[in-house]
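Student: Hey, dropping input-v1.cif in here, mmCIF, N, CA and C atoms and all ligand atoms:
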data_protein
#
loop_
_atom_site.label_atom_id
_atom_site.label_comp_id
_atom_site.auth_asym_id
_atom_site.auth_seq_id
_atom_site.Cartn_x
_atom_site.Cartn_y
_atom_site.Cartn_z
N MET A 1320 37.91 -55.98 17.65
CA MET A 1320 38.84 -56.70 16.81
C MET A 1320 39.26 -55.90 15.58
N LEU A 1321 38.52 -54.88 15.24
CA LEU A 1321 38.85 -54.11 14.07
C LEU A 1321 39.82 -52.98 14.43
N PRO A 1322 40.60 -52.51 13.46
CA PRO A 1322 41.54 -51.44 13.76
C PRO A 1322 40.81 -50.19 14.27
N GLY A 1323 41.46 -49.46 15.14
CA GLY A 1323 40.85 -48.24 15.68
C GLY A 1323 39.94 -48.58 16.83
N PHE A 1324 39.78 -47.70 17.75
CA PHE A 1324 38.96 -48.00 18.93
C PHE A 1324 37.96 -46.89 19.16
N PHE A 1325 37.01 -46.75 18.21
CA PHE A 1325 36.00 -45.72 18.36
C PHE A 1325 34.64 -46.38 18.48
N PRO A 1326 33.70 -45.76 19.19
CA PRO A 1326 32.37 -46.34 19.29
C PRO A 1326 31.78 -46.62 17.92
N GLN A 1327 31.09 -47.75 17.81
CA GLN A 1327 30.58 -48.20 16.51
C GLN A 1327 29.21 -47.61 16.27
N VAL A 1328 29.13 -46.67 15.30
CA VAL A 1328 27.83 -46.08 15.00
C VAL A 1328 27.36 -46.39 13.58
N GLY A 1329 28.23 -46.94 12.74
CA GLY A 1329 27.82 -47.30 11.39
C GLY A 1329 28.02 -48.78 11.19
N THR A 1330 28.28 -49.18 9.95
CA THR A 1330 28.62 -50.58 9.70
C THR A 1330 29.92 -50.61 8.91
N ASP A 1331 30.81 -51.49 9.34
CA ASP A 1331 32.11 -51.61 8.68
C ASP A 1331 32.22 -52.99 8.08
N LEU A 1332 32.83 -53.06 6.89
CA LEU A 1332 33.11 -54.36 6.28
C LEU A 1332 34.62 -54.55 6.27
N THR A 1333 35.07 -55.71 6.73
CA THR A 1333 36.50 -56.01 6.74
C THR A 1333 36.70 -57.41 6.18
N ASP A 1334 37.64 -57.56 5.26
CA ASP A 1334 37.98 -58.89 4.74
C ASP A 1334 39.18 -59.43 5.49
N ILE A 1335 39.09 -60.70 5.90
CA ILE A 1335 40.26 -61.37 6.46
C ILE A 1335 40.47 -62.66 5.67
N VAL A 1336 41.69 -63.18 5.70
CA VAL A 1336 42.01 -64.40 4.94
C VAL A 1336 42.54 -65.43 5.92
N VAL A 1337 41.79 -66.54 6.12
CA VAL A 1337 42.17 -67.50 7.18
C VAL A 1337 42.10 -68.99 6.78
N PRO A 1338 42.59 -69.52 5.70
CA PRO A 1338 43.15 -68.84 4.55
C PRO A 1338 42.08 -68.43 3.54
N ARG A 1339 40.84 -68.95 3.68
CA ARG A 1339 39.78 -68.53 2.77
C ARG A 1339 39.39 -67.10 3.11
N LYS A 1340 38.95 -66.34 2.12
CA LYS A 1340 38.55 -64.96 2.42
C LYS A 1340 37.19 -64.96 3.13
N ILE A 1341 37.14 -64.26 4.24
CA ILE A 1341 35.89 -64.11 4.98
C ILE A 1341 35.63 -62.62 5.15
N THR A 1342 34.41 -62.21 4.84
CA THR A 1342 34.05 -60.81 5.03
C THR A 1342 33.30 -60.67 6.36
N ILE A 1343 33.81 -59.78 7.19
CA ILE A 1343 33.19 -59.53 8.49
C ILE A 1343 32.48 -58.20 8.46
N ARG A 1344 31.20 -58.21 8.81
CA ARG A 1344 30.46 -56.96 8.92
C ARG A 1344 30.30 -56.63 10.40
N GLU A 1345 30.72 -55.47 10.80
CA GLU A 1345 30.56 -55.05 12.18
C GLU A 1345 29.35 -54.15 12.31
N LEU A 1346 28.46 -54.50 13.23
CA LEU A 1346 27.27 -53.69 13.48
C LEU A 1346 27.26 -53.30 14.95
N GLY A 1347 27.10 -52.03 15.24
CA GLY A 1347 27.10 -51.56 16.62
C GLY A 1347 25.84 -51.98 17.36
N GLY A 1348 25.95 -51.99 18.68
CA GLY A 1348 24.82 -52.37 19.52
C GLY A 1348 23.62 -51.44 19.31
N CYS A 1349 23.89 -50.16 19.06
CA CYS A 1349 22.79 -49.21 18.91
C CYS A 1349 22.05 -49.39 17.58
N MET A 1350 22.60 -50.25 16.70
CA MET A 1350 21.95 -50.49 15.41
C MET A 1350 21.05 -51.72 15.44
N GLY A 1351 20.79 -52.21 16.66
CA GLY A 1351 19.96 -53.41 16.82
C GLY A 1351 18.70 -53.44 15.96
N PRO A 1352 17.96 -52.34 15.87
CA PRO A 1352 16.71 -52.37 15.08
C PRO A 1352 16.91 -52.76 13.61
N ILE A 1353 18.11 -52.50 13.05
CA ILE A 1353 18.30 -52.85 11.63
C ILE A 1353 19.17 -54.10 11.45
N TRP A 1354 19.57 -54.75 12.54
CA TRP A 1354 20.35 -55.99 12.39
C TRP A 1354 19.67 -57.00 11.45
N PRO A 1355 18.33 -57.16 11.54
CA PRO A 1355 17.69 -58.18 10.69
C PRO A 1355 17.94 -58.00 9.20
N SER A 1356 18.22 -56.77 8.75
CA SER A 1356 18.49 -56.56 7.31
C SER A 1356 19.69 -57.36 6.84
N TYR A 1357 20.55 -57.77 7.77
CA TYR A 1357 21.80 -58.42 7.39
C TYR A 1357 21.80 -59.93 7.65
N TYR A 1358 20.71 -60.48 8.19
CA TYR A 1358 20.70 -61.90 8.53
C TYR A 1358 20.92 -62.79 7.31
N GLY A 1359 20.39 -62.36 6.16
CA GLY A 1359 20.45 -63.21 4.96
C GLY A 1359 21.85 -63.60 4.54
N ASP A 1360 22.82 -62.73 4.75
CA ASP A 1360 24.19 -62.99 4.32
C ASP A 1360 25.04 -63.59 5.43
N CYS A 1361 24.44 -63.86 6.57
CA CYS A 1361 25.24 -64.20 7.75
C CYS A 1361 25.40 -65.72 7.93
N HIS A 1362 26.63 -66.18 7.85
CA HIS A 1362 26.92 -67.60 8.07
C HIS A 1362 27.39 -67.85 9.50
N CYS A 1363 28.12 -66.89 10.04
CA CYS A 1363 28.65 -66.98 11.40
C CYS A 1363 28.32 -65.68 12.12
N LEU A 1364 27.98 -65.82 13.38
CA LEU A 1364 27.67 -64.64 14.18
C LEU A 1364 28.66 -64.53 15.33
N LEU A 1365 29.35 -63.41 15.40
CA LEU A 1365 30.23 -63.13 16.54
C LEU A 1365 29.52 -62.08 17.38
N PHE A 1366 29.09 -62.46 18.56
CA PHE A 1366 28.34 -61.55 19.42
C PHE A 1366 29.25 -61.09 20.55
N MET A 1367 29.50 -59.79 20.59
CA MET A 1367 30.47 -59.23 21.54
C MET A 1367 29.76 -58.74 22.79
N MET A 1368 30.20 -59.22 23.96
CA MET A 1368 29.67 -58.72 25.22
C MET A 1368 30.80 -58.01 25.97
N ASP A 1369 30.45 -57.00 26.75
CA ASP A 1369 31.46 -56.22 27.46
C ASP A 1369 31.68 -56.83 28.84
N ALA A 1370 32.81 -57.51 28.98
CA ALA A 1370 33.09 -58.21 30.24
C ALA A 1370 33.54 -57.25 31.34
N ALA A 1371 33.74 -55.98 30.98
CA ALA A 1371 34.17 -55.01 31.99
C ALA A 1371 33.00 -54.17 32.50
N ASN A 1372 31.82 -54.42 31.93
CA ASN A 1372 30.67 -53.59 32.29
C ASN A 1372 29.41 -54.42 32.50
N PRO A 1373 29.29 -55.05 33.68
CA PRO A 1373 28.14 -55.91 33.92
C PRO A 1373 26.80 -55.17 33.89
N THR A 1374 26.82 -53.83 33.96
CA THR A 1374 25.53 -53.12 33.91
C THR A 1374 24.89 -53.26 32.52
N GLN A 1375 25.67 -53.62 31.51
CA GLN A 1375 25.12 -53.81 30.16
C GLN A 1375 24.63 -55.24 29.92
N LEU A 1376 24.86 -56.09 30.94
CA LEU A 1376 24.60 -57.53 30.73
C LEU A 1376 23.17 -57.84 30.31
N SER A 1377 22.20 -57.28 31.04
CA SER A 1377 20.82 -57.66 30.75
C SER A 1377 20.43 -57.19 29.36
N ALA A 1378 20.84 -55.96 28.97
CA ALA A 1378 20.51 -55.46 27.63
C ALA A 1378 21.16 -56.33 26.56
N SER A 1379 22.42 -56.73 26.80
CA SER A 1379 23.11 -57.59 25.83
C SER A 1379 22.43 -58.95 25.74
N CYS A 1380 21.99 -59.43 26.89
CA CYS A 1380 21.35 -60.75 26.90
C CYS A 1380 20.05 -60.72 26.10
N VAL A 1381 19.28 -59.64 26.24
CA VAL A 1381 18.02 -59.52 25.48
C VAL A 1381 18.33 -59.50 23.99
N GLN A 1382 19.39 -58.77 23.60
CA GLN A 1382 19.76 -58.71 22.18
C GLN A 1382 20.21 -60.08 21.68
N LEU A 1383 20.97 -60.77 22.53
CA LEU A 1383 21.44 -62.12 22.15
C LEU A 1383 20.25 -63.07 21.95
N LEU A 1384 19.30 -63.03 22.88
CA LEU A 1384 18.14 -63.92 22.75
C LEU A 1384 17.35 -63.61 21.48
N GLY A 1385 17.26 -62.32 21.13
CA GLY A 1385 16.58 -61.93 19.89
C GLY A 1385 17.27 -62.52 18.67
N LEU A 1386 18.60 -62.48 18.68
CA LEU A 1386 19.36 -63.04 17.55
C LEU A 1386 19.17 -64.54 17.46
N LEU A 1387 19.27 -65.21 18.60
CA LEU A 1387 19.19 -66.67 18.60
C LEU A 1387 17.82 -67.18 18.19
N SER A 1388 16.79 -66.37 18.42
CA SER A 1388 15.44 -66.82 18.06
C SER A 1388 15.04 -66.38 16.66
N ALA A 1389 15.91 -65.63 15.97
CA ALA A 1389 15.58 -65.16 14.62
C ALA A 1389 15.64 -66.31 13.61
N GLU A 1390 14.59 -66.42 12.82
CA GLU A 1390 14.52 -67.48 11.80
C GLU A 1390 15.73 -67.42 10.86
N GLY A 1391 16.09 -66.20 10.45
CA GLY A 1391 17.17 -66.02 9.48
C GLY A 1391 18.55 -66.42 10.00
N LEU A 1392 18.69 -66.62 11.31
CA LEU A 1392 19.98 -67.00 11.88
C LEU A 1392 19.97 -68.41 12.45
N ALA A 1393 18.92 -69.16 12.14
CA ALA A 1393 18.78 -70.51 12.72
C ALA A 1393 19.95 -71.41 12.35
N GLU A 1394 20.52 -71.19 11.15
CA GLU A 1394 21.61 -72.06 10.67
C GLU A 1394 23.00 -71.50 10.99
N ALA A 1395 23.05 -70.32 11.54
CA ALA A 1395 24.35 -69.67 11.78
C ALA A 1395 25.07 -70.32 12.95
N SER A 1396 26.39 -70.35 12.88
CA SER A 1396 27.19 -70.74 14.05
C SER A 1396 27.47 -69.48 14.83
N VAL A 1397 27.49 -69.61 16.15
CA VAL A 1397 27.58 -68.42 16.99
C VAL A 1397 28.79 -68.49 17.91
N LEU A 1398 29.54 -67.40 17.94
CA LEU A 1398 30.66 -67.27 18.88
C LEU A 1398 30.36 -66.06 19.77
N ILE A 1399 30.19 -66.31 21.06
CA ILE A 1399 29.96 -65.21 22.00
C ILE A 1399 31.30 -64.81 22.58
N LEU A 1400 31.65 -63.54 22.36
CA LEU A 1400 32.95 -63.04 22.81
C LEU A 1400 32.76 -62.17 24.04
N PHE A 1401 33.42 -62.53 25.12
CA PHE A 1401 33.46 -61.66 26.30
C PHE A 1401 34.71 -60.81 26.14
N ASN A 1402 34.50 -59.55 25.74
CA ASN A 1402 35.62 -58.67 25.41
C ASN A 1402 36.02 -57.81 26.62
N LYS A 1403 37.21 -57.23 26.55
CA LYS A 1403 37.78 -56.32 27.55
C LYS A 1403 38.21 -57.06 28.83
N ILE A 1404 38.71 -58.28 28.65
CA ILE A 1404 39.15 -59.02 29.85
C ILE A 1404 40.45 -58.45 30.42
N ASP A 1405 41.04 -57.49 29.73
CA ASP A 1405 42.25 -56.83 30.28
C ASP A 1405 41.88 -55.82 31.36
N LEU A 1406 40.59 -55.47 31.44
CA LEU A 1406 40.18 -54.46 32.42
C LEU A 1406 39.69 -55.14 33.71
N PRO A 1407 39.90 -54.48 34.86
CA PRO A 1407 39.40 -55.06 36.11
C PRO A 1407 37.87 -55.00 36.14
N CYS A 1408 37.26 -55.94 36.82
CA CYS A 1408 35.80 -55.95 36.90
C CYS A 1408 35.39 -56.56 38.23
N TYR A 1409 34.28 -56.08 38.76
CA TYR A 1409 33.83 -56.59 40.07
C TYR A 1409 33.11 -57.93 39.97
N MET A 1410 32.87 -58.39 38.74
CA MET A 1410 32.28 -59.72 38.55
C MET A 1410 33.21 -60.55 37.66
N THR A 1411 33.26 -61.84 37.92
CA THR A 1411 34.03 -62.70 37.03
C THR A 1411 33.17 -63.06 35.82
N ILE A 1412 33.80 -63.56 34.78
CA ILE A 1412 33.04 -63.96 33.59
C ILE A 1412 32.13 -65.13 33.93
N GLU A 1413 32.61 -66.02 34.79
CA GLU A 1413 31.75 -67.14 35.20
C GLU A 1413 30.49 -66.64 35.89
N GLU A 1414 30.64 -65.61 36.73
CA GLU A 1414 29.47 -65.03 37.40
C GLU A 1414 28.52 -64.41 36.39
N MET A 1415 29.09 -63.72 35.39
CA MET A 1415 28.23 -63.10 34.37
C MET A 1415 27.49 -64.17 33.57
N LYS A 1416 28.20 -65.23 33.21
CA LYS A 1416 27.56 -66.32 32.45
C LYS A 1416 26.41 -66.92 33.26
N SER A 1417 26.67 -67.07 34.55
CA SER A 1417 25.66 -67.66 35.41
C SER A 1417 24.47 -66.72 35.57
N LEU A 1418 24.74 -65.42 35.69
CA LEU A 1418 23.68 -64.43 35.88
C LEU A 1418 22.70 -64.42 34.71
N ILE A 1419 23.22 -64.56 33.49
CA ILE A 1419 22.31 -64.56 32.32
C ILE A 1419 21.88 -65.98 31.94
N ARG A 1420 22.27 -66.95 32.79
CA ARG A 1420 21.93 -68.38 32.55
C ARG A 1420 22.41 -68.82 31.16
N LEU A 1421 23.63 -68.47 30.86
CA LEU A 1421 24.19 -68.81 29.55
C LEU A 1421 24.18 -70.32 29.27
N PRO A 1422 24.48 -71.17 30.25
CA PRO A 1422 24.41 -72.61 29.95
C PRO A 1422 23.03 -73.04 29.46
N ASP A 1423 21.96 -72.46 30.05
CA ASP A 1423 20.60 -72.80 29.59
C ASP A 1423 20.35 -72.24 28.19
N ILE A 1424 20.84 -71.02 27.95
CA ILE A 1424 20.66 -70.41 26.62
C ILE A 1424 21.32 -71.29 25.57
N ILE A 1425 22.54 -71.75 25.86
CA ILE A 1425 23.27 -72.58 24.90
C ILE A 1425 22.55 -73.92 24.69
N ALA A 1426 22.04 -74.48 25.79
CA ALA A 1426 21.37 -75.78 25.69
C ALA A 1426 20.08 -75.69 24.87
N CYS A 1427 19.40 -74.55 24.95
CA CYS A 1427 18.10 -74.43 24.27
C CYS A 1427 18.21 -73.87 22.85
N ALA A 1428 19.34 -73.27 22.51
CA ALA A 1428 19.44 -72.62 21.20
C ALA A 1428 19.52 -73.63 20.06
N LYS A 1429 19.01 -73.22 18.89
CA LYS A 1429 19.10 -74.07 17.69
C LYS A 1429 20.53 -74.07 17.17
N GLN A 1430 21.22 -72.98 17.44
CA GLN A 1430 22.56 -72.79 16.87
C GLN A 1430 23.62 -73.52 17.70
N ASN A 1431 24.75 -73.75 17.03
CA ASN A 1431 25.94 -74.25 17.70
C ASN A 1431 26.64 -73.02 18.30
N ILE A 1432 26.78 -72.99 19.63
CA ILE A 1432 27.31 -71.78 20.28
C ILE A 1432 28.62 -72.09 21.01
N THR A 1433 29.61 -71.25 20.77
CA THR A 1433 30.91 -71.33 21.45
C THR A 1433 31.13 -70.01 22.17
N THR A 1434 31.91 -70.02 23.25
CA THR A 1434 32.24 -68.75 23.90
C THR A 1434 33.75 -68.59 23.97
N ALA A 1435 34.21 -67.35 24.02
CA ALA A 1435 35.64 -67.08 24.16
C ALA A 1435 35.82 -65.79 24.95
N GLU A 1436 36.92 -65.72 25.66
CA GLU A 1436 37.24 -64.52 26.44
C GLU A 1436 38.40 -63.82 25.76
N ILE A 1437 38.20 -62.55 25.44
CA ILE A 1437 39.18 -61.86 24.60
C ILE A 1437 39.47 -60.44 25.09
N SER A 1438 40.53 -59.88 24.57
CA SER A 1438 40.77 -58.44 24.70
C SER A 1438 41.11 -57.93 23.30
N ALA A 1439 40.20 -57.17 22.72
CA ALA A 1439 40.46 -56.57 21.40
C ALA A 1439 41.63 -55.61 21.50
N HIS A 1440 41.78 -55.03 22.69
CA HIS A 1440 42.84 -54.04 22.92
C HIS A 1440 44.22 -54.70 22.89
N LYS A 1441 44.34 -55.83 23.59
CA LYS A 1441 45.65 -56.50 23.70
C LYS A 1441 45.84 -57.62 22.69
N GLY A 1442 44.75 -58.03 22.05
CA GLY A 1442 44.86 -59.14 21.10
C GLY A 1442 44.69 -60.50 21.75
N THR A 1443 44.39 -60.53 23.04
CA THR A 1443 44.19 -61.81 23.74
C THR A 1443 43.02 -62.58 23.13
N GLY A 1444 43.23 -63.84 22.83
CA GLY A 1444 42.15 -64.66 22.30
C GLY A 1444 41.97 -64.55 20.79
N LEU A 1445 42.76 -63.71 20.15
CA LEU A 1445 42.59 -63.49 18.70
C LEU A 1445 42.79 -64.78 17.91
N SER A 1446 43.82 -65.56 18.29
CA SER A 1446 44.08 -66.78 17.52
C SER A 1446 42.93 -67.77 17.67
N GLU A 1447 42.32 -67.80 18.87
CA GLU A 1447 41.16 -68.68 19.10
C GLU A 1447 40.01 -68.29 18.17
N VAL A 1448 39.79 -66.97 18.04
CA VAL A 1448 38.71 -66.48 17.17
C VAL A 1448 39.00 -66.84 15.71
N MET A 1449 40.25 -66.66 15.30
CA MET A 1449 40.65 -66.98 13.92
C MET A 1449 40.45 -68.47 13.64
N HIS A 1450 40.83 -69.31 14.60
CA HIS A 1450 40.64 -70.76 14.41
C HIS A 1450 39.16 -71.11 14.32
N TRP A 1451 38.37 -70.47 15.15
CA TRP A 1451 36.92 -70.73 15.12
C TRP A 1451 36.37 -70.36 13.74
N LEU A 1452 36.77 -69.19 13.23
CA LEU A 1452 36.29 -68.76 11.91
C LEU A 1452 36.71 -69.74 10.83
N GLN A 1453 37.99 -70.12 10.91
CA GLN A 1453 38.53 -71.04 9.90
C GLN A 1453 37.78 -72.38 9.93
N ASP A 1454 37.50 -72.88 11.13
CA ASP A 1454 36.85 -74.19 11.26
C ASP A 1454 35.35 -74.12 10.98
N THR A 1455 34.74 -72.98 11.23
CA THR A 1455 33.28 -72.90 11.26
C THR A 1455 32.68 -72.29 10.01
N HIS A 1456 33.39 -71.36 9.40
CA HIS A 1456 32.78 -70.60 8.30
C HIS A 1456 32.59 -71.47 7.08
N ARG A 1457 31.33 -71.72 6.74
CA ARG A 1457 31.00 -72.56 5.59
C ARG A 1457 30.05 -71.79 4.68
N PRO A 1458 30.59 -70.95 3.78
CA PRO A 1458 29.73 -70.12 2.95
C PRO A 1458 28.89 -70.92 1.98
N ASP A 1459 29.29 -72.17 1.70
CA ASP A 1459 28.62 -72.95 0.67
C ASP A 1459 27.52 -73.85 1.22
N ARG A 1460 27.15 -73.66 2.51
CA ARG A 1460 26.11 -74.54 3.05
C ARG A 1460 24.75 -74.17 2.48
N1 LIG B 1 40.66 -51.91 27.61
C1 LIG B 1 39.97 -52.27 26.54
N2 LIG B 1 39.23 -51.36 25.89
C2 LIG B 1 38.54 -51.76 24.81
C3 LIG B 1 38.55 -53.09 24.35
N3 LIG B 1 37.75 -53.17 23.25
C4 LIG B 1 37.26 -51.93 23.05
N4 LIG B 1 37.74 -51.07 23.99
C5 LIG B 1 37.45 -49.65 24.15
O1 LIG B 1 36.09 -49.48 24.47
C6 LIG B 1 35.63 -48.24 23.94
C7 LIG B 1 34.29 -48.40 23.27
O2 LIG B 1 34.32 -49.53 22.44
P1 LIG B 1 33.13 -50.54 22.50
O3 LIG B 1 32.80 -50.95 23.88
O4 LIG B 1 33.44 -51.60 21.51
O5 LIG B 1 31.95 -49.60 22.06
P2 LIG B 1 31.12 -49.55 20.79
O6 LIG B 1 31.91 -49.98 19.59
O7 LIG B 1 30.50 -48.21 20.76
O8 LIG B 1 30.01 -50.60 21.10
P3 LIG B 1 28.93 -51.08 20.10
O9 LIG B 1 28.41 -49.90 19.36
O10 LIG B 1 27.88 -51.71 20.95
O11 LIG B 1 29.64 -52.06 19.22
C8 LIG B 1 36.70 -47.73 23.01
O12 LIG B 1 37.35 -46.66 23.64
C9 LIG B 1 37.67 -48.90 22.87
O13 LIG B 1 38.99 -48.46 22.82
C10 LIG B 1 39.34 -54.04 25.06
O14 LIG B 1 39.42 -55.23 24.78
N5 LIG B 1 40.02 -53.57 26.16
#
Mind turning this structure into structure tokens?

Tutor:
Amino acid sequence: MLPGFFPQVGTDLTDIVVPRKITIRELGGCMGPIWPSYYGDCHCLLFMMDAANPTQLSASCVQLLGLLSAEGLAEASVLILFNKIDLPCYMTIEEMKSLIRLPDIIACAKQNITTAEISAHKGTGLSEVMHWLQDTHRPDR
């Protein structure tokens, strides 16, 4: 969703106005070990999964379960984004959701979890994400 399409190796901060100002911090998957340092400031969590690469599914699922069970994120609202839907894939998103038992994960999680299918490349689903942020982001809770 951020400008430029390079692998994420650092952390980027981006402000958006929807209409309230929201600061989005992007953390790459390889930075998993230091994600907990940022839980304190996190009101909403957007978790990006690669819908074009099912070989990453199990690793992403383990990371997602770690986030959902973290004490510091118990109050966060969560949006799981299946990204790269513009690319062909040998599995459907429904199959991927079923493979990681996403309905059970959502049912058991403390957090309120929503899912969306997007393409950061084409902008598909962007308005849905913006609406979710606008409706969900409550910095004053
Ligand atoms: N076709 C397509 N390519 C995308 C899309 N989003 C990202 N990419 C491309 O995927 C490549 C790697 O991006 P990501 O998969 O986000 O990789 P990354 O940022 O290293 O992943 P993390 O570090 O885990 O966040 C880049 O070349 C992007 O251009 C998309 O929606 N569609």

Student: Here's a test: counting only N, CA and C atoms, identify every protein, DNA and RNA residue with an atom at most 6.5 Å from (32.2, -62.2, 25.4) in the file's coordinate frame, and state them as number ranges by chain.

Tutor: A: 1366-1370, 1399-1402, 1435-1437

Student: With only C-alpha atoms and all ligand atoms as the basis for distance, which of A:Ala1378, A:Ile1343, A:Ala1393, A:Ala1439 is at the shortest distance from ligand LIG 1 (chain B)?

Tutor: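 Looking only at the distances to ligand LIG 1 (chain B), the closest residue turns out to be A:Ala1439.
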
Student: Residues within 6 Å of A:His1362, please, as a count of residues only. Count all atoms listed in the file; anything in the same chain fewer than 2 positions from it doesn't count.

Tutor: 5

Student: Atom N of A:Glu1414 and atom CA of A:Ala1426 are how many Å apart?

Tutor: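 So the two atoms, atom N of A:Glu1414 and atom CA of A:Ala1426, lie 17.6 Å apart.
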
Student: Could you state the separation of atom CA of A:Cys1380 and atom N of A:Ile1419 in Å, given to one decimal place?

Tutor: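 Value for the atom CA of A:Cys1380-atom N of A:Ile1419 distance: 7.8 Å.
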
Student: Nearest to ligand LIG 1 (chain B): which of A:Pro1338, A:Pro1407, A:Pro1373, A:Gly1385 is it, counting all atoms listed in the file?

Tutor: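 Checking each of A:Pro1338, A:Pro1407, A:Pro1373, A:Gly1385 against ligand LIG 1 (chain B), counting all atoms listed in the file, the winner is A:Pro1407.
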
Student: When the cut-off is 12 Å and you count only C-alpha atoms and all ligand atoms, which residues lie near ligand LIG 1 (chain B), shown as a PyMOL selection string?

Tutor: chain A and resi 1320-1331+1344-1351+1365-1372+1375-1376+1378-1379+1382+1400-1408+1436-1445

Student: Name the residues of chain A that come out as strand (DSSP E or B) in a backbone DSSP run; write them as JSON, numbers by chain.

Tutor: {"A": [1330, 1331, 1332, 1333, 1334, 1335, 1336, 1340, 1341, 1342, 1343, 1344, 1345, 1346, 1363, 1364, 1365, 1366, 1367, 1368, 1369, 1396, 1397, 1398, 1399, 1400, 1401, 1402, 1432, 1433, 1434, 1435, 1436, 1438, 1443]}

Student: Which of these, A:Val1337, A:Cys1361, A:Leu1452, A:Ile1432, has the shortest distance to A:Leu1398 once you count only N, CA and C atoms?

Tutor: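 Closest candidate: A:Ile1432.
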
Student: Separation of atom C of A:His1450 and atom C of A:Cys1363, in Å?

Tutor: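 Distance between the two atoms: 12.3 Å.
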
Student: Using only N, CA and C atoms, find the one residue out of A:Thr1434, A:Ile1353, A:Tyr1358, A:Leu1332 that sits nearest to A:Leu1392.

Tutor: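 Among the listed residues, the smallest separation from A:Leu1392 belongs to A:Tyr1358.
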
Student: From the set A:Ser1356, A:Thr1411, A:Ser1388, A:Thr1374, which residue has the shortest atom-to-atom contact distance to A:Ile1424, counting only C-alpha atoms?

Tutor: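 Nearest candidate to A:Ile1424 out of A:Ser1356, A:Thr1411, A:Ser1388, A:Thr1374: A:Ser1388.
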
Student: Check stretch 1408-1444 of chain A with DSSP on the backbone and list each residue it calls helix (DSSP H, G or I), as a ChimeraX atom specification.

Tutor: /A:1412-1418,1421-1427
